[in-house]
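Structure data (PDB, C-alpha atoms) from protein.pdb:
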```pdb
ATOM      1  CA  MET A 124     -74.871 -56.273  55.574  1.00  0.00           C
ATOM      2  CA  THR A 125     -72.403 -53.583  56.639  1.00  0.00           C
ATOM      3  CA  ALA A 126     -71.394 -51.768  53.439  1.00  0.00           C
ATOM      4  CA  TYR A 127     -71.614 -51.693  49.663  1.00  0.00           C
ATOM      5  CA  GLY A 128     -68.609 -52.041  47.391  1.00  0.00           C
ATOM      6  CA  VAL A 129     -67.762 -52.566  43.750  1.00  0.00           C
ATOM      7  CA  ASP A 130     -65.901 -55.230  41.795  1.00  0.00           C
ATOM      8  CA  SER A 131     -64.101 -53.775  38.774  1.00  0.00           C
ATOM      9  CA  GLY A 132     -65.709 -55.102  35.630  1.00  0.00           C
ATOM     10  CA  ALA A 133     -65.368 -54.007  32.020  1.00  0.00           C
ATOM     11  CA  ARG A 134     -62.468 -51.618  32.672  1.00  0.00           C
ATOM     12  CA  GLU A 135     -60.561 -49.723  35.328  1.00  0.00           C
ATOM     13  CA  LEU A 136     -62.779 -47.538  37.513  1.00  0.00           C
ATOM     14  CA  THR A 137     -61.312 -44.213  38.563  1.00  0.00           C
ATOM     15  CA  PRO A 138     -61.767 -42.688  42.029  1.00  0.00           C
ATOM     16  CA  ARG A 139     -63.643 -39.774  40.493  1.00  0.00           C
ATOM     17  CA  GLU A 140     -66.098 -42.080  38.689  1.00  0.00           C
ATOM     18  CA  LEU A 141     -66.970 -43.939  41.890  1.00  0.00           C
ATOM     19  CA  SER A 142     -67.411 -40.721  43.860  1.00  0.00           C
ATOM     20  CA  GLU A 143     -69.610 -39.241  41.130  1.00  0.00           C
ATOM     21  CA  TYR A 144     -71.709 -42.411  41.009  1.00  0.00           C
ATOM     22  CA  THR A 145     -72.416 -42.114  44.751  1.00  0.00           C
ATOM     23  CA  ARG A 146     -72.982 -38.355  44.583  1.00  0.00           C
ATOM     24  CA  THR A 147     -75.648 -38.708  41.879  1.00  0.00           C
ATOM     25  CA  GLY A 148     -77.771 -41.191  43.837  1.00  0.00           C
ATOM     26  CA  GLY A 149     -75.940 -44.480  43.524  1.00  0.00           C
ATOM     27  CA  HIS A 150     -74.894 -46.757  46.371  1.00  0.00           C
ATOM     28  CA  ASP A 151     -72.342 -45.440  48.845  1.00  0.00           C
ATOM     29  CA  LEU A 152     -69.392 -47.537  47.664  1.00  0.00           C
ATOM     30  CA  ARG A 153     -67.068 -47.972  50.637  1.00  0.00           C
ATOM     31  CA  PHE A 154     -64.680 -50.528  49.132  1.00  0.00           C
ATOM     32  CA  LEU A 155     -63.295 -51.683  45.804  1.00  0.00           C
ATOM     33  CA  VAL A 156     -62.096 -55.125  44.739  1.00  0.00           C
ATOM     34  CA  ARG A 157     -59.561 -54.590  42.006  1.00  0.00           C
ATOM     35  CA  ARG A 158     -57.940 -57.062  39.625  1.00  0.00           C
ATOM     36  CA  THR A 159     -54.216 -57.565  39.849  1.00  0.00           C
ATOM     37  CA  GLY A 160     -51.350 -59.946  39.239  1.00  0.00           C
ATOM     38  CA  SER A 161     -50.658 -59.958  35.508  1.00  0.00           C
ATOM     39  CA  PRO A 162     -50.500 -56.939  33.194  1.00  0.00           C
ATOM     40  CA  ALA A 163     -51.129 -59.290  30.244  1.00  0.00           C
ATOM     41  CA  ALA A 164     -54.454 -60.580  31.625  1.00  0.00           C
ATOM     42  CA  ARG A 165     -57.644 -58.925  30.412  1.00  0.00           C
ATOM     43  CA  GLY A 166     -58.845 -56.517  33.060  1.00  0.00           C
ATOM     44  CA  ALA A 167     -55.778 -56.833  35.311  1.00  0.00           C
ATOM     45  CA  TRP A 168     -55.239 -53.169  36.023  1.00  0.00           C
ATOM     46  CA  GLY A 169     -53.500 -53.348  39.387  1.00  0.00           C
ATOM     47  CA  HIS A 170     -50.097 -52.709  37.851  1.00  0.00           C
ATOM     48  CA  ARG A 171     -50.972 -49.150  36.848  1.00  0.00           C
ATOM     49  CA  PRO A 172     -48.870 -46.850  39.064  1.00  0.00           C
ATOM     50  CA  GLY A 173     -50.779 -44.616  41.443  1.00  0.00           C
ATOM     51  CA  ALA A 174     -54.260 -46.038  40.893  1.00  0.00           C
ATOM     52  CA  LEU A 175     -54.505 -47.790  44.259  1.00  0.00           C
ATOM     53  CA  VAL A 176     -53.292 -44.672  46.079  1.00  0.00           C
ATOM     54  CA  GLY A 177     -55.947 -42.587  44.353  1.00  0.00           C
ATOM     55  CA  HIS A 178     -58.768 -44.863  45.463  1.00  0.00           C
ATOM     56  CA  ARG A 179     -57.524 -44.977  49.036  1.00  0.00           C
ATOM     57  CA  ALA A 180     -57.269 -41.194  49.101  1.00  0.00           C
ATOM     58  CA  GLU A 181     -61.028 -41.107  48.459  1.00  0.00           C
ATOM     59  CA  GLY A 182     -61.562 -43.067  51.680  1.00  0.00           C
ATOM     60  CA  ARG A 183     -62.264 -46.491  50.187  1.00  0.00           C
ATOM     61  CA  LEU A 184     -60.769 -49.784  51.217  1.00  0.00           C
ATOM     62  CA  VAL A 185     -59.093 -51.437  48.222  1.00  0.00           C
ATOM     63  CA  LEU A 186     -58.582 -55.199  48.047  1.00  0.00           C
ATOM     64  CA  LEU A 187     -56.797 -57.039  45.247  1.00  0.00           C
ATOM     65  CA  ARG A 188     -58.217 -60.038  43.389  1.00  0.00           C
ATOM     66  CA  HIS A 189     -56.193 -62.359  41.174  1.00  0.00           C
ATOM     67  CA  GLN A 190     -57.700 -64.293  38.273  1.00  0.00           C
ATOM     68  CA  LEU A 191     -56.219 -65.132  34.897  1.00  0.00           C
ATOM     69  CA  GLY A 192     -59.055 -67.375  33.714  1.00  0.00           C
ATOM     70  CA  ASP A 193     -61.775 -69.786  34.775  1.00  0.00           C
ATOM     71  CA  ASP A 194     -59.373 -72.717  35.092  1.00  0.00           C
ATOM     72  CA  ASP A 195     -56.726 -71.082  37.330  1.00  0.00           C
ATOM     73  CA  PHE A 196     -57.268 -73.526  40.187  1.00  0.00           C
ATOM     74  CA  ALA A 197     -56.959 -76.573  37.938  1.00  0.00           C
ATOM     75  CA  GLY A 198     -53.185 -76.163  38.151  1.00  0.00           C
ATOM     76  CA  GLY A 199     -53.255 -77.037  41.849  1.00  0.00           C
ATOM     77  CA  HIS A 200     -50.360 -76.309  44.176  1.00  0.00           C
ATOM     78  CA  ASP A 201     -47.845 -75.094  41.593  1.00  0.00           C
ATOM     79  CA  ALA A 202     -50.336 -72.736  39.964  1.00  0.00           C
ATOM     80  CA  GLY A 203     -51.244 -71.346  43.378  1.00  0.00           C
ATOM     81  CA  ARG A 204     -47.605 -70.540  44.105  1.00  0.00           C
ATOM     82  CA  ALA A 205     -47.058 -68.944  40.708  1.00  0.00           C
ATOM     83  CA  HIS A 206     -50.206 -66.835  40.808  1.00  0.00           C
ATOM     84  CA  ALA A 207     -49.567 -65.715  44.376  1.00  0.00           C
ATOM     85  CA  ALA A 208     -46.021 -64.667  43.475  1.00  0.00           C
ATOM     86  CA  ALA A 209     -47.374 -62.535  40.617  1.00  0.00           C
ATOM     87  CA  ALA A 210     -50.051 -60.991  42.836  1.00  0.00           C
ATOM     88  CA  LEU A 211     -47.558 -60.275  45.605  1.00  0.00           C
ATOM     89  CA  ALA A 212     -45.044 -58.630  43.271  1.00  0.00           C
ATOM     90  CA  ASP A 213     -47.759 -56.505  41.686  1.00  0.00           C
ATOM     91  CA  GLY A 214     -49.199 -55.535  45.057  1.00  0.00           C
ATOM     92  CA  ARG A 215     -45.828 -54.449  46.390  1.00  0.00           C
ATOM     93  CA  GLU A 216     -45.119 -52.403  43.281  1.00  0.00           C
ATOM     94  CA  GLN A 217     -48.253 -50.362  43.836  1.00  0.00           C
ATOM     95  CA  GLY A 218     -47.887 -50.068  47.618  1.00  0.00           C
ATOM     96  CA  TYR A 219     -50.546 -52.581  48.666  1.00  0.00           C
ATOM     97  CA  PRO A 220     -50.422 -52.873  52.480  1.00  0.00           C
ATOM     98  CA  GLU A 221     -48.605 -56.017  53.595  1.00  0.00           C
ATOM     99  CA  HIS A 222     -51.401 -57.138  55.939  1.00  0.00           C
ATOM    100  CA  LEU A 223     -54.291 -56.986  53.473  1.00  0.00           C
ATOM    101  CA  PRO A 224     -55.494 -60.197  51.798  1.00  0.00           C
ATOM    102  CA  PHE A 225     -55.447 -61.297  48.182  1.00  0.00           C
ATOM    103  CA  LEU A 226     -58.662 -62.784  46.819  1.00  0.00           C
ATOM    104  CA  PHE A 227     -57.888 -65.734  44.568  1.00  0.00           C
ATOM    105  CA  ALA A 228     -60.881 -66.206  42.279  1.00  0.00           C
ATOM    106  CA  CYS A 229     -62.005 -69.684  41.273  1.00  0.00           C
ATOM    107  CA  GLY A 230     -64.061 -69.487  38.099  1.00  0.00           C
ATOM    108  CA  SER A 231     -64.941 -73.192  37.904  1.00  0.00           C
ATOM    109  CA  GLY A 232     -67.312 -75.348  39.899  1.00  0.00           C
ATOM    110  CA  LEU A 233     -66.218 -78.667  41.365  1.00  0.00           C
ATOM    111  CA  SER A 234     -66.458 -81.604  38.971  1.00  0.00           C
ATOM    112  CA  ARG A 235     -64.933 -85.013  38.317  1.00  0.00           C
ATOM    113  CA  SER A 236     -62.010 -83.300  36.571  1.00  0.00           C
ATOM    114  CA  PHE A 237     -61.684 -80.449  39.091  1.00  0.00           C
ATOM    115  CA  THR A 238     -61.781 -81.745  42.646  1.00  0.00           C
ATOM    116  CA  LEU A 239     -61.752 -80.224  46.105  1.00  0.00           C
ATOM    117  CA  SER A 240     -58.236 -81.526  46.732  1.00  0.00           C
ATOM    118  CA  THR A 241     -57.036 -79.617  43.655  1.00  0.00           C
ATOM    119  CA  ALA A 242     -58.611 -76.400  44.943  1.00  0.00           C
ATOM    120  CA  LEU A 243     -57.110 -76.923  48.406  1.00  0.00           C
ATOM    121  CA  GLY A 244     -53.725 -77.572  46.805  1.00  0.00           C
ATOM    122  CA  TYR A 245     -53.954 -74.300  44.891  1.00  0.00           C
ATOM    123  CA  LEU A 246     -54.731 -72.364  48.057  1.00  0.00           C
ATOM    124  CA  GLN A 247     -51.963 -74.099  49.980  1.00  0.00           C
ATOM    125  CA  GLY A 248     -49.500 -73.117  47.258  1.00  0.00           C
ATOM    126  CA  ALA A 249     -50.709 -69.517  47.427  1.00  0.00           C
ATOM    127  CA  ALA A 250     -50.438 -69.496  51.226  1.00  0.00           C
ATOM    128  CA  GLU A 251     -46.813 -70.641  51.025  1.00  0.00           C
ATOM    129  CA  VAL A 252     -46.049 -67.417  49.143  1.00  0.00           C
ATOM    130  CA  VAL A 253     -48.264 -64.729  50.689  1.00  0.00           C
ATOM    131  CA  GLY A 254     -49.062 -66.370  54.052  1.00  0.00           C
ATOM    132  CA  PHE A 255     -52.265 -68.005  55.196  1.00  0.00           C
ATOM    133  CA  THR A 256     -53.877 -64.866  56.651  1.00  0.00           C
ATOM    134  CA  ARG A 257     -53.604 -63.189  53.230  1.00  0.00           C
ATOM    135  CA  THR A 258     -54.992 -66.142  51.265  1.00  0.00           C
ATOM    136  CA  TRP A 259     -58.693 -65.625  50.558  1.00  0.00           C
ATOM    137  CA  LEU A 260     -61.003 -67.494  48.196  1.00  0.00           C
ATOM    138  CA  SER A 261     -63.611 -66.001  45.879  1.00  0.00           C
ATOM    139  CA  GLY A 262     -66.031 -68.305  44.099  1.00  0.00           C
ATOM    140  CA  THR A 263     -69.400 -70.018  44.027  1.00  0.00           C
ATOM    141  CA  ALA A 264     -70.888 -71.905  46.953  1.00  0.00           C
ATOM    142  CA  ASP A 265     -69.951 -75.376  45.675  1.00  0.00           C
ATOM    143  CA  VAL A 266     -66.280 -74.399  46.008  1.00  0.00           C
ATOM    144  CA  VAL A 267     -66.388 -71.854  48.833  1.00  0.00           C
ATOM    145  CA  HIS A 268     -68.446 -73.891  51.321  1.00  0.00           C
ATOM    146  CA  PRO A 269     -66.308 -77.085  51.325  1.00  0.00           C
ATOM    147  CA  VAL A 270     -63.075 -75.088  51.417  1.00  0.00           C
ATOM    148  CA  GLN A 271     -64.497 -73.038  54.293  1.00  0.00           C
ATOM    149  CA  ASP A 272     -65.499 -76.220  56.137  1.00  0.00           C
ATOM    150  CA  ARG A 273     -61.896 -77.466  55.894  1.00  0.00           C
ATOM    151  CA  GLY A 274     -60.258 -74.176  56.887  1.00  0.00           C
ATOM    152  CA  GLY A 275     -58.541 -73.964  53.510  1.00  0.00           C
ATOM    153  CA  ALA A 276     -58.429 -70.153  53.341  1.00  0.00           C
ATOM    154  CA  ALA A 277     -58.476 -67.262  55.787  1.00  0.00           C
ATOM    155  CA  GLY A 278     -61.465 -65.473  54.271  1.00  0.00           C
ATOM    156  CA  PHE A 279     -64.176 -65.884  51.667  1.00  0.00           C
ATOM    157  CA  ALA A 280     -66.069 -63.929  49.030  1.00  0.00           C
ATOM    158  CA  LEU A 281     -69.134 -65.568  47.510  1.00  0.00           C
ATOM    159  CA  THR A 282     -70.610 -65.156  44.055  1.00  0.00           C
ATOM    160  CA  GLY A 283     -74.068 -66.351  43.089  1.00  0.00           C
ATOM    161  CA  ASP A 284     -77.330 -66.766  44.957  1.00  0.00           C
ATOM    162  CA  ALA A 285     -77.585 -64.737  48.175  1.00  0.00           C
ATOM    163  CA  SER A 286     -79.219 -67.701  49.916  1.00  0.00           C
ATOM    164  CA  ALA A 287     -75.780 -69.350  50.050  1.00  0.00           C
ATOM    165  CA  VAL A 288     -74.335 -66.584  52.251  1.00  0.00           C
ATOM    166  CA  ARG A 289     -73.557 -68.013  55.686  1.00  0.00           C
ATOM    167  CA  GLU A 290     -71.447 -67.220  58.725  1.00  0.00           C
ATOM    168  CA  GLY A 291     -67.840 -66.589  57.794  1.00  0.00           C
ATOM    169  CA  ILE A 292     -68.580 -65.129  54.343  1.00  0.00           C
ATOM    170  CA  ALA A 293     -67.064 -61.649  54.212  1.00  0.00           C
ATOM    171  CA  PHE A 294     -68.356 -60.444  50.828  1.00  0.00           C
ATOM    172  CA  HIS A 295     -71.083 -61.359  48.372  1.00  0.00           C
ATOM    173  CA  ARG A 296     -71.413 -60.354  44.749  1.00  0.00           C
ATOM    174  CA  ARG A 297     -75.105 -60.021  43.921  1.00  0.00           C
ATOM    175  CA  ASP A 298     -76.538 -61.792  40.873  1.00  0.00           C
ATOM    176  CA  ASP A 299     -78.796 -58.805  40.205  1.00  0.00           C
ATOM    177  CA  GLY A 300     -76.248 -56.217  41.228  1.00  0.00           C
ATOM    178  CA  GLY A 301     -74.852 -54.786  38.009  1.00  0.00           C
ATOM    179  CA  ILE A 302     -74.013 -51.088  38.321  1.00  0.00           C
ATOM    180  CA  PHE A 303     -72.526 -48.609  35.847  1.00  0.00           C
ATOM    181  CA  PRO A 304     -70.223 -46.015  37.422  1.00  0.00           C
ATOM    182  CA  GLY A 305     -68.724 -43.954  34.623  1.00  0.00           C
ATOM    183  CA  ARG A 306     -71.003 -45.931  32.253  1.00  0.00           C
ATOM    184  CA  ALA A 307     -68.773 -48.975  32.783  1.00  0.00           C
ATOM    185  CA  GLY A 308     -70.357 -52.234  33.870  1.00  0.00           C
ATOM    186  CA  ALA A 309     -69.253 -53.465  37.297  1.00  0.00           C
ATOM    187  CA  GLY A 310     -70.427 -55.788  40.051  1.00  0.00           C
ATOM    188  CA  LEU A 311     -72.148 -54.592  43.207  1.00  0.00           C
ATOM    189  CA  LEU A 312     -70.700 -56.177  46.356  1.00  0.00           C
ATOM    190  CA  GLU A 313     -72.137 -56.465  49.843  1.00  0.00           C
ATOM    191  CA  ALA A 314     -69.890 -56.687  52.897  1.00  0.00           C
ATOM    192  CA  TYR A 315     -70.813 -58.767  55.943  1.00  0.00           C
ATOM    193  CA  VAL A 316     -67.813 -57.724  58.020  1.00  0.00           C
ATOM    194  CA  ASP A 317     -66.774 -54.458  59.606  1.00  0.00           C
ATOM    195  CA  LEU A 318     -64.423 -52.812  57.111  1.00  0.00           C
ATOM    196  CA  THR A 319     -62.398 -51.374  59.984  1.00  0.00           C
ATOM    197  CA  ASP A 320     -61.273 -54.953  60.676  1.00  0.00           C
ATOM    198  CA  PHE A 321     -58.914 -54.562  57.732  1.00  0.00           C
ATOM    199  CA  GLU A 322     -57.032 -51.797  59.492  1.00  0.00           C
ATOM    200  CA  GLY A 323     -55.278 -54.348  61.740  1.00  0.00           C
ATOM    201  CA  GLU A 324     -52.431 -56.700  60.964  1.00  0.00           C
ATOM    202  CA  CYS A 325     -54.294 -60.015  60.743  1.00  0.00           C
ATOM    203  CA  PRO A 326     -57.988 -59.612  59.814  1.00  0.00           C
ATOM    204  CA  ASP A 327     -60.510 -62.397  60.302  1.00  0.00           C
ATOM    205  CA  VAL A 328     -58.397 -64.599  62.597  1.00  0.00           C
ATOM    206  CA  PRO A 329     -60.731 -66.192  65.198  1.00  0.00           C
ATOM    207  CA  PRO A 330     -59.986 -64.859  68.719  1.00  0.00           C
ATOM    208  CA  GLU A 331     -59.124 -68.291  70.138  1.00  0.00           C
ATOM    209  CA  VAL A 332     -56.676 -68.931  67.291  1.00  0.00           C
ATOM    210  CA  ALA A 333     -55.142 -65.488  67.734  1.00  0.00           C
ATOM    211  CA  ARG A 334     -54.605 -66.128  71.465  1.00  0.00           C
ATOM    212  CA  LEU A 335     -52.932 -69.473  70.761  1.00  0.00           C
ATOM    213  CA  ALA A 336     -50.751 -67.896  68.068  1.00  0.00           C
ATOM    214  CA  ASP A 337     -49.701 -65.073  70.396  1.00  0.00           C
ATOM    215  CA  HIS A 338     -48.835 -67.573  73.145  1.00  0.00           C
ATOM    216  CA  LEU A 339     -46.709 -69.711  70.821  1.00  0.00           C
ATOM    217  CA  ALA A 340     -45.091 -66.659  69.250  1.00  0.00           C
ATOM    218  CA  SER A 341     -44.033 -65.385  72.670  1.00  0.00           C
ATOM    219  CA  ARG A 342     -42.726 -68.776  73.771  1.00  0.00           C
ATOM    220  CA  PHE A 343     -40.673 -69.481  70.659  1.00  0.00           C
ATOM    221  CA  ALA A 344     -39.663 -65.917  69.695  1.00  0.00           C
ATOM    222  CA  LEU A 345     -41.682 -65.939  66.472  1.00  0.00           C
ATOM    223  CA  SER A 346     -44.191 -63.544  64.907  1.00  0.00           C
ATOM    224  CA  ARG A 347     -47.919 -64.241  65.032  1.00  0.00           C
ATOM    225  CA  ALA A 348     -47.952 -64.506  61.217  1.00  0.00           C
ATOM    226  CA  ASP A 349     -45.215 -67.159  61.294  1.00  0.00           C
ATOM    227  CA  VAL A 350     -47.155 -69.218  63.828  1.00  0.00           C
ATOM    228  CA  LEU A 351     -50.426 -68.948  61.867  1.00  0.00           C
ATOM    229  CA  ASP A 352     -48.688 -70.040  58.682  1.00  0.00           C
ATOM    230  CA  GLU A 353     -47.181 -73.064  60.440  1.00  0.00           C
ATOM    231  CA  LEU A 354     -50.531 -74.025  61.981  1.00  0.00           C
ATOM    232  CA  TYR A 355     -52.108 -73.792  58.550  1.00  0.00           C
ATOM    233  CA  ARG A 356     -49.370 -75.931  56.980  1.00  0.00           C
ATOM    234  CA  VAL A 357     -49.912 -78.666  59.567  1.00  0.00           C
ATOM    235  CA  ARG A 358     -53.695 -78.500  59.196  1.00  0.00           C
ATOM    236  CA  THR A 359     -53.714 -78.675  55.402  1.00  0.00           C
ATOM    237  CA  ASN A 360     -51.241 -81.550  55.400  1.00  0.00           C
ATOM    238  CA  GLY A 361     -53.666 -83.401  57.648  1.00  0.00           C
ATOM    239  CA  VAL A 362     -56.555 -82.681  55.268  1.00  0.00           C
ATOM    240  CA  SER A 363     -54.569 -83.829  52.259  1.00  0.00           C
ATOM    241  CA  ALA A 364     -53.698 -87.101  53.963  1.00  0.00           C
TER     242      ALA A 364
END
```
Can you present the structure in this file as structure tokens?
Amino acid sequence: MTAYGVDSGARELTPRELSEYTRTGGHDLRFLVRRTGSPAARGAWGHRPGALVGHRAEGRLVLLRHQLGDDDFAGGHDAGRAHAAAALADGREQGYPEHLPFLFACGSGLSRSFTLSTALGYLQGAAEVVGFTRTWLSGTADVVHPVQDRGGAAGFALTGDASAVREGIAFHRRDDGGIFPGRAGAGLLEAYVDLTDFEGECPDVPPEVARLADHLASRFALSRADVLDELYRVRTNGVSA
């Protein structure tokens, strides 16, 4: 574990509240996962002007998470595109850096009515809008692990039992990790990656994939991001088939 962070819960958390929580003996909260994407959704505060800038000024990494409800992913590809477009527009309005990922939260477990192919379709739709390197999945192990095994997202945040954390999981929300900065309930997060990795342009791209992307980008006069998106499109088409 490399750092503690917080997942906004009952309401918006201000920079001052998080700093005061740490100062008075709480965990040193080095990052914040903040809801975004739809001003009409309960708890989606990312659209408030200036809030992201204020958190970053306090020295915390801020990542944006999109979730309208538990059944977001049930809409498959088209829902993924629509939700990613909303998250992207909201992120740009508040000055969210163009290289940082969006965490798309899946609130449902896999079942006969909600299959892995539906979840992969949702993520593929999202990747077509924001790019593969910015398409991350947040959810329970029964969704995260099979998507991770198929390379369906660029990064992963896990909720639930800590025993399900494995290599490639960037963040974990603890079951017993409720905290109350500013007397507001929120989730305690643990990071398993170096937060400085998010300072670059394409975090969490395996070195061998990055080298291949750079080679192809140079040969065909493309950007690394364009090559990674095309590789992802080909790979997910193969999975779907």
### Message
Please report the interatomic distance between CA of Gly177 (chain A) and CA of Met124 (chain A) in Å with one decimal.
### Response
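So the answer is 25.9 Å.
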### Query
Of the candidates A:Asp130, A:Asp272, A:Asp317, A:Asp193, which shows the shortest atom-to-atom distance to Arg158 (chain A), using all atoms listed in the file?
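Ranking A:Asp130, A:Asp272, A:Asp317, A:Asp193 by distance to Arg158 (chain A), first place goes to A:Asp130.
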### Query
Expressed in Å to a single decimal, how great is the separation between CA of Val156 (chain A) and CA of Gly128 (chain A)?
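Interatomic distance, CA of Val156 (chain A) to CA of Gly128 (chain A): 7.7 Å.
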### Message
Would you pick out the contacts of region 248-250 of chain A at 8 Å or less, using all atoms listed in the file, so that residues sharing its chain but fewer than 5 positions from it are not included, and give the list as a ChimeraX atom specification?
### Response
/A:199-208,255-258,352
### Query
Written as a ChimeraX atom specification, what is the full residue list that the PyMOL selection byres ((chain A and resi 229-238) around 8) yields on the file shown?
/A:190,192-197,227-228,239-242,260-263,265-266
### Task
Go through A:Val252, A:Phe303, A:Ala264, A:Thr147 and flag the residue nearest Val288 (chain A), using all atoms listed in the file for the distances.
A:Ala264
